[in-house]
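K.L.:
Next up, model34.txt (compact mmCIF, C-alpha atoms and all ligand atoms).
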```
# COMPACT_ATOMS: atom_id res chain seq x y z
CA MET A 1 -137.78 62.89 -51.92
CA THR A 2 -134.67 63.73 -49.88
CA ILE A 3 -131.50 65.15 -51.40
CA PRO A 4 -129.06 62.24 -51.59
CA ASP A 5 -125.58 62.49 -50.07
CA ILE A 6 -122.83 61.51 -52.48
CA ASP A 7 -119.75 59.48 -51.51
CA LEU A 8 -116.60 60.05 -53.58
CA THR A 9 -113.15 58.50 -53.10
CA VAL A 10 -109.97 60.57 -53.12
CA TYR A 11 -107.41 59.21 -55.64
CA PRO A 12 -103.61 59.63 -55.49
CA ASP A 13 -103.51 61.67 -58.71
CA GLU A 14 -105.72 64.27 -57.00
CA CYS A 15 -103.18 64.88 -54.23
CA ASP A 16 -100.11 67.07 -53.86
CA ALA A 17 -96.51 65.98 -53.13
CA PHE A 18 -97.36 65.55 -49.44
CA GLY A 19 -100.38 63.42 -50.19
CA HIS A 20 -103.10 66.00 -49.43
CA LEU A 21 -106.07 66.35 -51.71
CA ASN A 22 -105.22 69.47 -53.71
CA GLN A 23 -107.42 72.48 -54.16
CA ALA A 24 -108.20 72.09 -57.87
CA SER A 25 -109.20 68.46 -57.37
CA PHE A 26 -111.34 69.44 -54.42
CA LEU A 27 -113.30 71.83 -56.61
CA SER A 28 -113.81 69.02 -59.16
CA LEU A 29 -115.03 66.70 -56.41
CA PHE A 30 -117.54 69.32 -55.26
CA GLU A 31 -118.71 69.64 -58.86
CA ARG A 32 -118.88 65.88 -59.46
CA ALA A 33 -120.90 65.46 -56.26
CA ARG A 34 -123.39 68.07 -57.49
CA TRP A 35 -123.90 66.35 -60.84
CA GLU A 36 -124.22 62.94 -59.16
CA MET A 37 -126.80 64.38 -56.82
CA LEU A 38 -128.80 65.80 -59.74
CA ALA A 39 -128.42 62.53 -61.66
CA ARG A 40 -130.19 60.74 -58.81
CA GLY A 41 -132.99 63.33 -58.91
CA PRO A 42 -134.23 65.32 -61.90
CA GLY A 43 -131.41 64.09 -64.17
CA MET A 44 -128.00 65.41 -65.19
CA ASP A 45 -129.64 67.16 -68.14
CA VAL A 46 -132.02 69.17 -65.92
CA PHE A 47 -130.40 72.40 -67.15
CA THR A 48 -129.73 71.56 -70.80
CA ARG A 49 -133.31 70.30 -71.20
CA GLU A 50 -134.32 73.93 -70.66
CA ALA A 51 -131.50 75.32 -72.81
CA THR A 52 -129.77 76.86 -69.85
CA TRP A 53 -126.50 76.41 -67.99
CA PRO A 54 -125.63 77.07 -64.34
CA ALA A 55 -122.62 79.41 -64.47
CA VAL A 56 -120.66 79.80 -61.24
CA ARG A 57 -120.52 83.44 -60.16
CA LYS A 58 -118.99 83.12 -56.70
CA THR A 59 -117.24 80.38 -54.80
CA THR A 60 -116.40 80.36 -51.10
CA VAL A 61 -114.57 77.34 -49.72
CA ASP A 62 -113.48 76.79 -46.13
CA TYR A 63 -110.96 73.97 -45.80
CA HIS A 64 -111.15 72.51 -42.32
CA ALA A 65 -108.88 69.44 -42.49
CA ALA A 66 -106.72 67.57 -45.02
CA ALA A 67 -107.97 64.57 -46.99
CA PHE A 68 -105.74 61.78 -48.27
CA PRO A 69 -105.77 59.09 -51.00
CA GLY A 70 -108.29 56.40 -50.13
CA ASP A 71 -110.44 58.67 -47.98
CA VAL A 72 -114.11 58.48 -48.87
CA LEU A 73 -115.75 61.89 -48.63
CA ARG A 74 -119.46 62.26 -48.13
CA PHE A 75 -120.90 65.37 -49.80
CA SER A 76 -124.19 66.78 -48.56
CA HIS A 77 -126.08 69.53 -50.32
CA ALA A 78 -128.49 72.29 -49.38
CA LEU A 79 -130.03 75.03 -51.43
CA VAL A 80 -129.57 78.11 -49.27
CA HIS A 81 -131.03 80.58 -51.71
CA HIS A 82 -133.26 80.23 -54.74
CA GLY A 83 -133.98 83.34 -56.74
CA ARG A 84 -135.52 83.76 -60.17
CA THR A 85 -132.32 83.35 -62.18
CA SER A 86 -129.77 82.48 -59.50
CA PHE A 87 -129.36 80.01 -56.72
CA THR A 88 -126.81 79.27 -54.01
CA MET A 89 -125.84 75.78 -53.03
CA ARG A 90 -124.01 74.91 -49.84
CA GLN A 91 -121.96 71.71 -49.87
CA THR A 92 -120.31 69.99 -46.96
CA ALA A 93 -117.65 67.28 -47.29
CA ARG A 94 -117.11 64.92 -44.36
CA ARG A 95 -114.78 61.89 -44.19
CA THR A 96 -116.97 58.82 -43.81
CA LYS A 97 -114.63 56.86 -41.53
CA ASP A 98 -114.49 59.41 -38.70
CA ASP A 99 -117.16 61.97 -39.73
CA ALA A 100 -114.46 64.69 -39.71
CA LEU A 101 -115.51 67.91 -41.41
CA ILE A 102 -113.10 68.36 -44.33
CA ALA A 103 -114.54 71.36 -46.17
CA THR A 104 -117.62 73.50 -46.59
CA ALA A 105 -118.32 75.44 -49.75
CA GLU A 106 -120.92 77.78 -51.15
CA PHE A 107 -121.42 78.25 -54.86
CA VAL A 108 -123.56 81.03 -56.30
CA PHE A 109 -124.87 80.12 -59.75
CA VAL A 110 -126.64 82.20 -62.36
CA CYS A 111 -128.55 80.33 -65.04
CA ILE A 112 -127.62 81.69 -68.46
CA ASP A 113 -128.65 81.03 -72.02
CA ARG A 114 -126.35 80.55 -75.01
CA GLU A 115 -125.77 84.33 -75.24
CA GLY A 116 -124.88 84.54 -71.56
CA LYS A 117 -128.16 86.25 -70.60
CA PRO A 118 -129.68 85.28 -67.20
CA VAL A 119 -132.71 83.01 -67.55
CA PRO A 120 -134.98 81.42 -64.90
CA VAL A 121 -133.68 78.55 -62.79
CA PRO A 122 -135.42 75.35 -64.01
CA ALA A 123 -138.37 74.78 -61.69
CA GLU A 124 -137.38 71.14 -61.27
CA VAL A 125 -134.12 72.11 -59.58
CA GLY A 126 -136.00 74.08 -56.92
CA ARG A 127 -138.63 71.36 -56.53
CA PHE A 128 -136.02 68.64 -56.11
CA MET A 129 -134.08 70.65 -53.57
CA ASN A 130 -137.26 71.63 -51.79
CA ALA A 131 -136.90 75.36 -52.30
CA ARG A 132 -139.21 78.13 -53.34
CA PRO A 133 -137.99 81.15 -55.24
CA SER A 134 -138.20 84.37 -53.28
CA SER A 135 -141.49 86.08 -53.99
CA ARG A 136 -139.91 89.14 -55.55
CA GLY A 137 -136.59 88.96 -57.31
CA ASP A 138 -133.30 87.57 -56.11
CA THR A 139 -131.30 88.17 -53.01
CA LEU A 140 -129.65 91.49 -53.67
CA ARG A 141 -125.96 92.23 -53.39
CA LEU A 142 -125.55 95.82 -52.28
CA THR A 143 -122.42 97.73 -51.41
CA VAL A 144 -123.16 99.95 -48.44
CA ASN A 145 -120.84 101.64 -45.98
CA GLY A 146 -117.86 100.14 -47.85
CA VAL A 147 -118.93 96.50 -47.66
CA ASN A 148 -120.89 94.24 -50.00
CA LEU A 149 -123.91 92.71 -48.25
CA ALA A 150 -126.29 89.94 -49.29
CA VAL A 151 -129.81 91.17 -48.60
CA GLU A 152 -133.17 89.52 -49.02
CA VAL A 153 -136.00 91.95 -49.77
CA ARG A 154 -139.57 90.74 -50.14
CA GLY A 155 -143.03 92.19 -50.39
CA ASP A 156 -144.49 95.66 -50.14
CA GLY A 157 -145.86 97.68 -47.24
CA PRO A 158 -144.42 99.10 -44.03
CA ALA A 159 -140.79 98.01 -43.74
CA VAL A 160 -139.49 95.48 -41.22
CA LEU A 161 -135.74 95.00 -40.86
CA PHE A 162 -134.63 91.61 -39.52
CA VAL A 163 -131.21 91.41 -37.86
CA HIS A 164 -129.83 87.95 -37.18
CA GLY A 165 -127.65 86.77 -34.29
CA TYR A 166 -124.13 85.35 -34.08
CA PRO A 167 -122.74 83.43 -35.97
CA LEU A 168 -125.88 83.00 -38.05
CA ASP A 169 -127.27 84.53 -41.21
CA ARG A 170 -130.46 85.96 -42.70
CA THR A 171 -131.97 82.50 -43.26
CA LEU A 172 -132.69 82.49 -39.51
CA TRP A 173 -135.75 84.55 -40.54
CA GLN A 174 -136.89 82.21 -43.31
CA HIS A 175 -140.35 81.69 -41.82
CA PRO A 176 -141.38 85.30 -41.11
CA LEU A 177 -139.73 86.37 -44.39
CA GLY A 178 -142.03 84.03 -46.26
CA ALA A 179 -145.16 84.56 -44.17
CA LEU A 180 -145.40 88.27 -43.33
CA THR A 181 -147.24 89.39 -46.44
CA GLY A 182 -148.32 93.02 -46.44
CA PHE A 183 -144.94 94.17 -45.15
CA ARG A 184 -141.66 94.94 -46.89
CA ARG A 185 -139.36 92.39 -45.29
CA ILE A 186 -135.65 93.22 -45.38
CA ALA A 187 -133.11 90.70 -44.06
CA PRO A 188 -129.40 91.32 -44.61
CA ASP A 189 -126.51 89.06 -43.80
CA LEU A 190 -124.45 91.22 -41.45
CA ARG A 191 -120.92 92.05 -42.58
CA GLY A 192 -118.67 89.03 -42.00
CA LEU A 193 -121.53 86.52 -41.86
CA GLY A 194 -123.67 84.56 -44.33
CA LEU A 195 -122.94 85.50 -47.91
CA SER A 196 -121.86 89.04 -47.11
CA ASP A 197 -118.26 90.07 -47.49
CA ALA A 198 -116.01 89.56 -44.49
CA PRO A 199 -113.44 92.36 -44.14
CA ASP A 200 -110.40 91.72 -41.95
CA LEU A 201 -111.12 94.54 -39.52
CA GLY A 202 -113.67 97.16 -38.51
CA TYR A 203 -116.30 95.20 -36.60
CA SER A 204 -118.27 96.97 -33.86
CA MET A 205 -121.89 97.52 -32.90
CA ALA A 206 -121.55 101.03 -34.33
CA THR A 207 -120.34 99.68 -37.69
CA TYR A 208 -123.14 97.11 -37.89
CA ALA A 209 -125.69 99.83 -37.08
CA ASP A 210 -124.16 102.19 -39.66
CA ASP A 211 -124.28 99.39 -42.26
CA LEU A 212 -128.00 98.97 -41.59
CA ALA A 213 -128.72 102.70 -41.82
CA ALA A 214 -126.78 102.87 -45.11
CA LEU A 215 -128.68 99.83 -46.36
CA LEU A 216 -132.00 101.56 -45.64
CA ASP A 217 -130.76 104.64 -47.52
CA THR A 218 -129.84 102.50 -50.51
CA LEU A 219 -133.27 100.86 -50.47
CA HIS A 220 -134.95 104.29 -50.06
CA VAL A 221 -136.59 103.19 -46.82
CA ASP A 222 -137.06 105.95 -44.23
CA THR A 223 -138.40 104.14 -41.19
CA VAL A 224 -138.60 100.52 -40.06
CA VAL A 225 -139.67 98.23 -37.32
CA MET A 226 -136.40 96.57 -36.36
CA CYS A 227 -136.41 93.02 -35.16
CA GLY A 228 -133.10 91.78 -33.73
CA LEU A 229 -132.29 88.41 -32.25
CA SER A 230 -129.52 88.14 -29.65
CA MET A 231 -126.53 89.95 -31.22
CA GLY A 232 -129.13 91.42 -33.57
CA GLY A 233 -130.74 92.89 -30.43
CA TYR A 234 -127.42 94.43 -29.31
CA ILE A 235 -127.23 96.03 -32.76
CA ALA A 236 -130.86 97.20 -32.60
CA LEU A 237 -130.16 99.00 -29.31
CA GLU A 238 -127.08 100.66 -30.85
CA PHE A 239 -129.23 101.61 -33.85
CA ALA A 240 -131.83 103.09 -31.49
CA ARG A 241 -129.13 105.30 -29.96
CA ARG A 242 -127.80 106.47 -33.31
CA TYR A 243 -130.89 106.54 -35.56
CA ARG A 244 -133.88 106.75 -33.26
CA SER A 245 -135.93 108.78 -35.74
CA ARG A 246 -135.78 105.90 -38.24
CA LEU A 247 -137.52 103.45 -35.88
CA ARG A 248 -141.29 102.91 -35.84
CA GLY A 249 -141.02 99.99 -33.46
CA LEU A 250 -138.60 97.53 -31.95
CA VAL A 251 -138.63 93.77 -31.42
CA LEU A 252 -135.93 92.53 -29.07
CA MET A 253 -135.77 88.75 -29.27
CA ASP A 254 -133.69 86.52 -26.98
CA THR A 255 -131.29 89.32 -26.16
CA ARG A 256 -130.06 91.48 -23.30
CA ALA A 257 -129.11 95.11 -22.67
CA GLU A 258 -126.15 94.58 -20.34
CA ALA A 259 -122.57 94.64 -21.62
CA ASP A 260 -120.34 91.57 -21.23
CA THR A 261 -119.14 90.75 -17.73
CA PRO A 262 -115.35 90.37 -17.26
CA GLU A 263 -115.83 86.55 -17.44
CA ALA A 264 -117.85 86.83 -20.64
CA ARG A 265 -115.14 89.01 -22.17
CA LYS A 266 -112.56 86.40 -21.30
CA ALA A 267 -114.74 83.74 -22.90
CA ARG A 268 -114.94 85.87 -26.08
CA GLU A 269 -111.13 85.91 -26.24
CA GLY A 270 -111.09 82.12 -25.88
CA ALA A 271 -113.67 81.76 -28.65
CA MET A 272 -111.65 84.08 -30.92
CA LEU A 273 -108.60 81.89 -30.44
CA MET A 274 -110.64 78.76 -31.06
CA ALA A 275 -112.11 80.18 -34.28
CA ARG A 276 -108.66 81.18 -35.56
CA GLU A 277 -107.09 77.82 -34.70
CA ARG A 278 -109.90 75.34 -35.36
CA GLY A 279 -112.35 77.20 -37.57
CA ALA A 280 -116.09 77.76 -37.63
CA ALA A 281 -116.90 74.07 -37.11
CA ALA A 282 -115.36 74.16 -33.61
CA ILE A 283 -117.45 77.22 -32.73
CA ALA A 284 -120.58 75.51 -34.04
CA GLN A 285 -119.87 72.38 -32.00
CA GLN A 286 -119.37 74.40 -28.83
CA MET A 287 -122.42 76.63 -29.27
CA LEU A 288 -125.03 74.31 -30.74
CA PRO A 289 -126.14 72.53 -27.54
CA ARG A 290 -126.92 75.84 -25.82
CA LEU A 291 -128.93 77.34 -28.67
CA PHE A 292 -131.86 74.93 -28.74
CA ALA A 293 -134.42 73.87 -26.15
CA PRO A 294 -133.37 70.61 -24.44
CA GLY A 295 -134.27 67.52 -26.49
CA ALA A 296 -134.11 69.36 -29.83
CA PRO A 297 -131.62 66.90 -31.42
CA GLN A 298 -134.33 64.23 -31.02
CA THR A 299 -137.43 66.32 -31.66
CA MET A 300 -136.16 68.59 -34.46
CA PRO A 301 -132.93 67.08 -35.88
CA GLN A 302 -133.32 68.85 -39.23
CA ALA A 303 -133.53 72.28 -37.60
CA VAL A 304 -130.44 71.52 -35.50
CA GLU A 305 -128.56 70.36 -38.61
CA ARG A 306 -129.63 73.48 -40.49
CA VAL A 307 -128.25 75.75 -37.77
CA ARG A 308 -125.06 73.71 -37.53
CA LEU A 309 -124.44 74.13 -41.26
CA MET A 310 -125.26 77.83 -41.00
CA MET A 311 -122.64 78.29 -38.28
CA GLU A 312 -120.03 76.09 -39.96
CA ALA A 313 -120.30 78.23 -43.09
CA ALA A 314 -119.57 81.46 -41.20
CA PRO A 315 -116.27 83.02 -42.30
CA VAL A 316 -113.66 82.99 -39.51
CA LYS A 317 -112.93 86.69 -40.02
CA GLY A 318 -116.60 87.48 -39.45
CA ILE A 319 -116.77 85.25 -36.36
CA VAL A 320 -113.71 86.89 -34.82
CA GLY A 321 -115.04 90.34 -35.74
CA ALA A 322 -118.45 89.66 -34.18
CA LEU A 323 -116.83 88.31 -31.00
CA ALA A 324 -114.73 91.47 -30.68
CA ALA A 325 -117.79 93.65 -31.32
CA MET A 326 -119.80 91.81 -28.65
CA ARG A 327 -116.88 91.91 -26.18
CA ASP A 328 -116.51 95.67 -26.62
CA ARG A 329 -120.17 96.64 -26.73
CA VAL A 330 -121.33 99.29 -24.28
CA ASP A 331 -123.92 98.81 -21.59
CA SER A 332 -127.32 99.56 -23.16
CA VAL A 333 -129.23 99.57 -19.85
CA PRO A 334 -129.21 103.41 -19.68
CA THR A 335 -130.70 103.46 -23.20
CA LEU A 336 -133.80 101.50 -22.19
CA ALA A 337 -135.61 104.32 -20.38
CA THR A 338 -135.00 106.58 -23.39
CA LEU A 339 -137.08 104.26 -25.58
CA GLU A 340 -140.28 105.66 -24.11
CA GLY A 341 -142.79 106.23 -26.91
CA LEU A 342 -141.25 103.61 -29.19
CA PRO A 343 -143.55 100.56 -29.38
CA THR A 344 -141.40 97.66 -28.20
CA LEU A 345 -141.99 93.94 -28.04
CA VAL A 346 -139.65 91.67 -26.10
CA VAL A 347 -139.72 88.01 -27.14
CA VAL A 348 -137.98 85.04 -25.55
CA GLY A 349 -138.06 81.26 -25.78
CA ASP A 350 -139.22 79.79 -22.47
CA GLN A 351 -136.18 77.49 -22.49
CA ASP A 352 -133.54 79.95 -23.66
CA GLN A 353 -130.29 79.12 -21.84
CA VAL A 354 -128.26 82.00 -23.35
CA THR A 355 -130.61 84.88 -22.49
CA PRO A 356 -133.19 83.23 -20.18
CA PRO A 357 -136.77 84.50 -19.66
CA ALA A 358 -135.74 86.30 -16.44
CA VAL A 359 -133.37 88.46 -18.51
CA ALA A 360 -136.14 89.20 -21.02
CA ARG A 361 -138.52 90.10 -18.19
CA GLY A 362 -135.95 92.56 -16.80
CA LEU A 363 -135.48 94.04 -20.26
CA ALA A 364 -139.22 94.47 -20.83
CA ASN A 365 -139.70 96.00 -17.38
CA ALA A 366 -137.00 98.58 -18.03
CA ILE A 367 -138.49 99.80 -21.33
CA PRO A 368 -141.53 102.03 -20.75
CA GLY A 369 -144.62 100.41 -22.27
CA ALA A 370 -142.79 97.32 -23.59
CA VAL A 371 -144.71 94.06 -23.88
CA LEU A 372 -143.15 90.64 -23.17
CA ASN A 373 -144.10 87.50 -25.06
CA VAL A 374 -142.68 84.13 -24.02
CA ILE A 375 -142.67 81.44 -26.72
CA PRO A 376 -143.27 77.95 -25.31
CA GLY A 377 -141.03 75.12 -26.51
CA ALA A 378 -138.26 77.37 -27.79
CA GLY A 379 -134.69 78.00 -26.68
CA HIS A 380 -132.51 80.81 -28.05
CA LEU A 381 -133.83 80.53 -31.64
CA PRO A 382 -137.65 80.87 -31.64
CA PRO A 383 -137.94 81.68 -35.40
CA ILE A 384 -136.41 78.27 -36.14
CA GLU A 385 -137.67 76.21 -33.21
CA GLN A 386 -141.24 77.53 -33.11
CA PRO A 387 -141.66 79.34 -36.43
CA LEU A 388 -145.47 79.47 -36.46
CA ALA A 389 -145.83 80.80 -32.93
CA THR A 390 -143.02 83.31 -33.45
CA THR A 391 -144.40 84.63 -36.72
CA ARG A 392 -147.84 84.89 -35.13
CA VAL A 393 -146.48 87.05 -32.30
CA LEU A 394 -144.60 89.23 -34.81
CA THR A 395 -147.68 89.59 -37.02
CA GLU A 396 -149.85 90.71 -34.10
CA PHE A 397 -147.28 93.29 -33.04
CA LEU A 398 -146.76 94.61 -36.58
CA GLN A 399 -150.51 94.79 -37.22
CA SER A 400 -150.96 96.78 -34.01
CA LEU A 401 -148.61 99.46 -35.41
CA ARG A 402 -150.42 99.95 -38.70
C1 LIG B 501 -126.13 85.41 -30.38
O1 LIG B 501 -126.96 84.50 -30.44
O2 LIG B 501 -126.15 86.37 -31.17
C2 LIG B 501 -125.00 85.30 -29.36
O3 LIG B 501 -125.09 84.09 -28.71
C3 LIG B 501 -125.04 86.42 -28.42
C4 LIG B 501 -123.90 86.42 -27.46
O4 LIG B 501 -123.01 85.56 -27.52
O5 LIG B 501 -123.87 87.31 -26.59
```
Would you mind writing the file's structure down as structure tokens?

P.N.:
Amino acid sequence: MTIPDIDLTVYPDECDAFGHLNQASFLSLFERARWEMLARGPGMDVFTREATWPAVRKTTVDYHAAAFPGDVLRFSHALVHHGRTSFTMRQTARRTKDDALIATAEFVFVCIDREGKPVPVPAEVGRFMNARPSSRGDTLRLTVNGVNLAVEVRGDGPAVLFVHGYPLDRTLWQHPLGALTGFRRIAPDLRGLGLSDAPDLGYSMATYADDLAALLDTLHVDTVVMCGLSMGGYIALEFARRYRSRLRGLVLMDTRAEADTPEARKAREGAMLMARERGAAAIAQQMLPRLFAPGAPQTMPQAVERVRLMMEAAPVKGIVGALAAMRDRVDSVPTLATLEGLPTLVVVGDQDQVTPPAVARGLANAIPGAVLNVIPGAGHLPPIEQPLATTRVLTEFLQSLR
């Protein structure tokens, strides 16, 4: 069964003096769409049947464009996290007549009983929305280095820290997070992205790396294999400079060591302006075609849609911060020779247009002892485009370090 989209009409009494749909009414429309969606699946009483109630704990709404009386808004829904007692639903509202993105929202719910105590999410909700609860506990919310991060932690064994790219979130690693049993998998949303808090200022590769070191301290993890994709790779190289003794191995996926060229820096400035003026959706629209292998919209439309929603949900402050951090990052080429003795795997999609295989080959050649693995049929996002092959390559590398 697929999750149905819900169409709702905007009425004049929901609008302000200038005729725009007002904020309070927008929240009610989001809520009505959720109940309608459940009514067409497991039933509106799916919670009360189990003597529980989904209490909203956090709401994040990005308003992209105004809506007016008579507009029909199409609400789509995705479960982006399903824990034991909590779940997070992402909703997107588009105007049906021109497909304009009007708003995106994320709601974090905790299921509570009559006394307000957390109780398990009804299994039917997860089944209907095609989700599985994380194998151990919920996504954690941890305050480290002065910022509150959303972090997924699963399993036991040697620790692996997954660092996502820009402007993505930890769900990039959904497949290896689920599949790599026998390892403690740790995947944070970086500050400013995903469900983590997005401060106004203070973004740099050094800050991201310090956040990760503080996160490991909080989780009482001494050493990790760090696996970073694209911007996650820039952060991993900064981490290697600052916290080398905490690394047991390194996976550099679809990334590069060089700093931005003057043209790339200029492009970052343009993207910062675009994000401030037109929001995350404009960034997603510009980036999406370059992230996937050619033909992906036809061969894997659901994966493309998933990444689009992920990018559209990124807070503008976090996007601008990440762009500044990437623009200002130092050249990591001199660091590569110093990685001697650290087992390193370089991975790249054979059709990556952002950091092509030739870049990955150069990176692997410059790191003493590094191994290169090229994933066929993938662009810049192998864990999403070719999840099985990517997880297999990661498993082999991690097993070799045991
Ligand atoms: C990423 O995927 O993290 C970014 O595309 C990297 C970049 O823009 O340099």

K.L.:
Provide the atom CA of A:Ala55 to atom CA of A:Phe109 distance in Å, to one decimal place.

P.N.:
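Computing it gives 5.3 Å between the two atoms.
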
K.L.:
What are the nearest atom pairs, with distances in Å to one decimal, for all residues of chain A that come at most 7 Å from ligand LIG 501 (chain B), using all atoms listed in the file, set out by chain and rising residue number as CSV?

P.N.:
```
residue,atom,partner,partner_atom,distance
A:Gly165,CA,B:LIG501,O2,3.5
A:Tyr166,CA,B:LIG501,O2,3.7
A:Pro167,CA,B:LIG501,O2,6.6
A:Leu229,CA,B:LIG501,O2,6.6
A:Ser230,CA,B:LIG501,O2,4.1
A:Met231,CA,B:LIG501,O2,3.6
A:Gly232,CA,B:LIG501,O2,6.3
A:Met326,CA,B:LIG501,O5,6.4
A:Val354,CA,B:LIG501,O3,6.6
```

K.L.:
List as a ChimeraX atom specification the protein and nucleic acid residues near A:Arg248, meaning an atom at most 7 Å away when only C-alpha atoms are counted, but skip any in the same chain fewer than 6 places from it.

P.N.:
/A:223-225,342

K.L.:
Mind pulling up the distance from atom CA of A:Ala103 to atom CA of A:Phe18?

P.N.:
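These atoms are spaced 18.4 Å apart.
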
K.L.:
Neighbours of A:Thr255 within 9 Å (all atoms listed in the file; same-chain residues fewer than 4 positions away dropped), as a PyMOL selection string?

P.N.:
chain A and resi 228-234+346-348+354-356+359-360+363+380

K.L.:
Kindly save the residues from that selection, with C-alpha atoms included, as a PDB file, keeping the file's coordinate frame.

P.N.:
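The result, written out as result_0.pdb:
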```
ATOM      1  CA  GLY A 228    -133.100  91.780 -33.730  1.00  0.00           C
ATOM      2  CA  LEU A 229    -132.290  88.410 -32.250  1.00  0.00           C
ATOM      3  CA  SER A 230    -129.520  88.140 -29.650  1.00  0.00           C
ATOM      4  CA  MET A 231    -126.530  89.950 -31.220  1.00  0.00           C
ATOM      5  CA  GLY A 232    -129.130  91.420 -33.570  1.00  0.00           C
ATOM      6  CA  GLY A 233    -130.740  92.890 -30.430  1.00  0.00           C
ATOM      7  CA  TYR A 234    -127.420  94.430 -29.310  1.00  0.00           C
ATOM      8  CA  VAL A 346    -139.650  91.670 -26.100  1.00  0.00           C
ATOM      9  CA  VAL A 347    -139.720  88.010 -27.140  1.00  0.00           C
ATOM     10  CA  VAL A 348    -137.980  85.040 -25.550  1.00  0.00           C
ATOM     11  CA  VAL A 354    -128.260  82.000 -23.350  1.00  0.00           C
ATOM     12  CA  THR A 355    -130.610  84.880 -22.490  1.00  0.00           C
ATOM     13  CA  PRO A 356    -133.190  83.230 -20.180  1.00  0.00           C
ATOM     14  CA  VAL A 359    -133.370  88.460 -18.510  1.00  0.00           C
ATOM     15  CA  ALA A 360    -136.140  89.200 -21.020  1.00  0.00           C
ATOM     16  CA  LEU A 363    -135.480  94.040 -20.260  1.00  0.00           C
ATOM     17  CA  HIS A 380    -132.510  80.810 -28.050  1.00  0.00           C
TER      18      HIS A 380
END
```

K.L.:
Between atom CA of A:Thr48 and atom CA of A:Ala33, what is the distance in Å, rounded to a tenth?

P.N.:
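These two atoms are separated by 18.1 Å.
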
K.L.:
Which residue, A:Tyr208, A:Trp173, A:Tyr203, A:Trp35, has the smallest gap to A:Leu190 when you use all atoms listed in the file?

P.N.:
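Closest residue, counting all atoms listed in the file: A:Tyr208.
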
K.L.:
From the set A:Leu345, A:Ala78, A:Ala17, A:Val121, which residue has the shortest atom-to-atom contact distance to A:Ile3, counting all atoms listed in the file?

P.N.:
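Residue with the minimum atom-to-atom distance to A:Ile3: A:Ala78.
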
K.L.:
Ranking A:Phe128, A:Phe75, A:Tyr63, A:Trp53 by minimum distance to A:Ile112 and counting only C-alpha atoms, which one comes first?

P.N.:
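Smallest distance to A:Ile112 is found for A:Trp53.
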
K.L.:
Compare A:Asp5, A:Glu340, A:Asp62, A:Glu14 by their minimum atom-to-atom distance to A:Arg40, counting only C-alpha atoms, and give me the closest one.

P.N.:
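Residue with the minimum atom-to-atom distance to A:Arg40: A:Asp5.
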
K.L.:
Counting all atoms listed in the file, which residue out of A:Phe68, A:Phe183, A:Phe47, A:Phe30 sits closest to A:Pro120?

P.N.:
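Among the listed residues, A:Phe47 lies closest to A:Pro120.
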
K.L.:
Here's a test: counting all atoms listed in the file, identify every protein, DNA and RNA residue with an atom at most 10 Å from (-142.1, 80.7, -43.1) in the file's coordinate frame, and state them as a PyMOL selection string.

P.N.:
chain A and resi 173-180+383-384+387-388+391

K.L.:
Hey, what's within 9 Å of A:Pro376 if we count only C-alpha atoms and toss same-chain stuff fewer than 6 positions away? As number ranges by chain, please?

P.N.:
A: 348-351, 382, 386, 389

K.L.:
Which residue out of A:Leu27, A:Leu247, A:Val221, A:Ala206 has the minimum interatomic distance to A:Ile235 when all atoms listed in the file are used?

P.N.:
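That would be A:Ala206, the residue with the smallest distance to A:Ile235.
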
K.L.:
Please provide the set of residues having any atom within 12 Å of A:Arg306, restricted to only C-alpha atoms, with same-chain residues fewer than 6 positions apart removed, written as an mmCIF file with C-alpha atoms, in the coordinates of the input.

P.N.:
```cif
data_model
loop_
_atom_site.group_PDB
_atom_site.id
_atom_site.type_symbol
_atom_site.label_atom_id
_atom_site.label_comp_id
_atom_site.auth_asym_id
_atom_site.auth_seq_id
_atom_site.Cartn_x
_atom_site.Cartn_y
_atom_site.Cartn_z
ATOM 1 C CA SER A 76 -124.190 66.780 -48.560
ATOM 2 C CA HIS A 77 -126.080 69.530 -50.320
ATOM 3 C CA ALA A 78 -128.490 72.290 -49.380
ATOM 4 C CA LEU A 79 -130.030 75.030 -51.430
ATOM 5 C CA VAL A 80 -129.570 78.110 -49.270
ATOM 6 C CA ARG A 90 -124.010 74.910 -49.840
ATOM 7 C CA THR A 92 -120.310 69.990 -46.960
ATOM 8 C CA LEU A 168 -125.880 83.000 -38.050
ATOM 9 C CA ASP A 169 -127.270 84.530 -41.210
ATOM 10 C CA THR A 171 -131.970 82.500 -43.260
ATOM 11 C CA LEU A 172 -132.690 82.490 -39.510
ATOM 12 C CA GLN A 174 -136.890 82.210 -43.310
ATOM 13 C CA ALA A 284 -120.580 75.510 -34.040
ATOM 14 C CA LEU A 288 -125.030 74.310 -30.740
ATOM 15 C CA PRO A 297 -131.620 66.900 -31.420
ATOM 16 C CA MET A 300 -136.160 68.590 -34.460
ATOM 17 C CA GLU A 312 -120.030 76.090 -39.960
ATOM 18 C CA ALA A 313 -120.300 78.230 -43.090
ATOM 19 C CA ILE A 384 -136.410 78.270 -36.140
ATOM 20 C CA GLU A 385 -137.670 76.210 -33.210
#
```

K.L.:
Counting only C-alpha atoms, what is within 12 Å of A:Leu398, bar same-chain residues fewer than 4 positions away, as number ranges by chain?

P.N.:
A: 157-161, 176, 180-185, 224-227, 248-251, 343-345, 391-394, 402
